[in-house]
Amino acid sequence: MDIKQIQDLIKFVAKSGVNEVAIEEKDFKITIKTNQEPTYVTATVPNPVAQASQPVAAPTSTAPAVPASSTPAAESSNLITIKSPMIGTFYRAAGPDKPLFANVGDEIVPGKVLCIVEAMKLFNEIESEVSGKIVKILVNDAEPVEFDQPLFLVDPS
């Protein structure tokens, strides 16, 4: 890598929200770490949005779909939304034969791995920054996700 490529990589890492990236080539290794903290937003999820997302969950999908009725609209105002820090592919487990990182109803604490987002052949573990109970998983396994896309709803109480 030349200095221009390294500068571009540093800019990309800073914008993506990733906490750490390591690249290793034949005779070259670079690790870039940031001190950025993920952004969390408390949001109200209205019922029409939840109903509109139901048809997306196809019955042939490998991940079980969570019914929209599992989160009453009155309770959703205090939920914390955990969002994707980058563009990539969302995975609920480390591999097809591995256990899922998190399920609806699981109690989570800061530092617990919730999922993996694969970006540019790098598998980035997404860790919780909050404590609470997972109320809803908003993305199916192996689906592409965008930067800042909601992944989980967590009840902090």
# chains A, B, ... in the order shown; residues from 1 in each chain; ligands from 1

call {"tool": "residues_around", "arguments": {"residues": "range 143-151 of chain A", "least_positions_apart": "5", "cutoff": "10 Å", "atoms": "only C-alpha atoms", "output": "PyMOL selection string"}}
result
chain A and resi 15-17+38-41+80-91+114-115+117-119+136-138

call {"tool": "closest_residue", "arguments": {"among": "A:Val13, A:Val21, A:Leu79, A:Val154", "to": "Leu122 in chain A", "atoms": "only C-alpha atoms"}}
result
A:Val21

call {"tool": "residues_around", "arguments": {"residues": "Phe28 in chain A", "least_positions_apart": "5", "cutoff": "12 Å", "atoms": "only C-alpha atoms", "output": "short mmCIF file (atom, residue, chain, number, x, y, z; two decimals) with C-alpha atoms, in the first residue's frame"}}
result
data_model
loop_
_atom_site.label_atom_id
_atom_site.label_comp_id
_atom_site.auth_asym_id
_atom_site.auth_seq_id
_atom_site.Cartn_x
_atom_site.Cartn_y
_atom_site.Cartn_z
CA MET A 1 0.00 0.00 0.00
CA ASP A 2 1.18 3.49 -0.69
CA ILE A 6 -3.47 4.37 3.68
CA ALA A 22 -6.80 -4.86 10.42
CA ILE A 23 -5.44 -5.62 6.95
#

call {"tool": "atom_distance", "arguments": {"atom1": "CA of Ile30 in chain A", "atom2": "CA of Ile116 in chain A"}}
result
21.4 Å

call {"tool": "atom_distance", "arguments": {"atom1": "CA of Arg92 in chain A", "atom2": "CA of Val113 in chain A"}}
result
9.8 Å

call {"tool": "atom_distance", "arguments": {"atom1": "CA of Val109 in chain A", "atom2": "CA of Ser128 in chain A"}}
result
6.5 Å
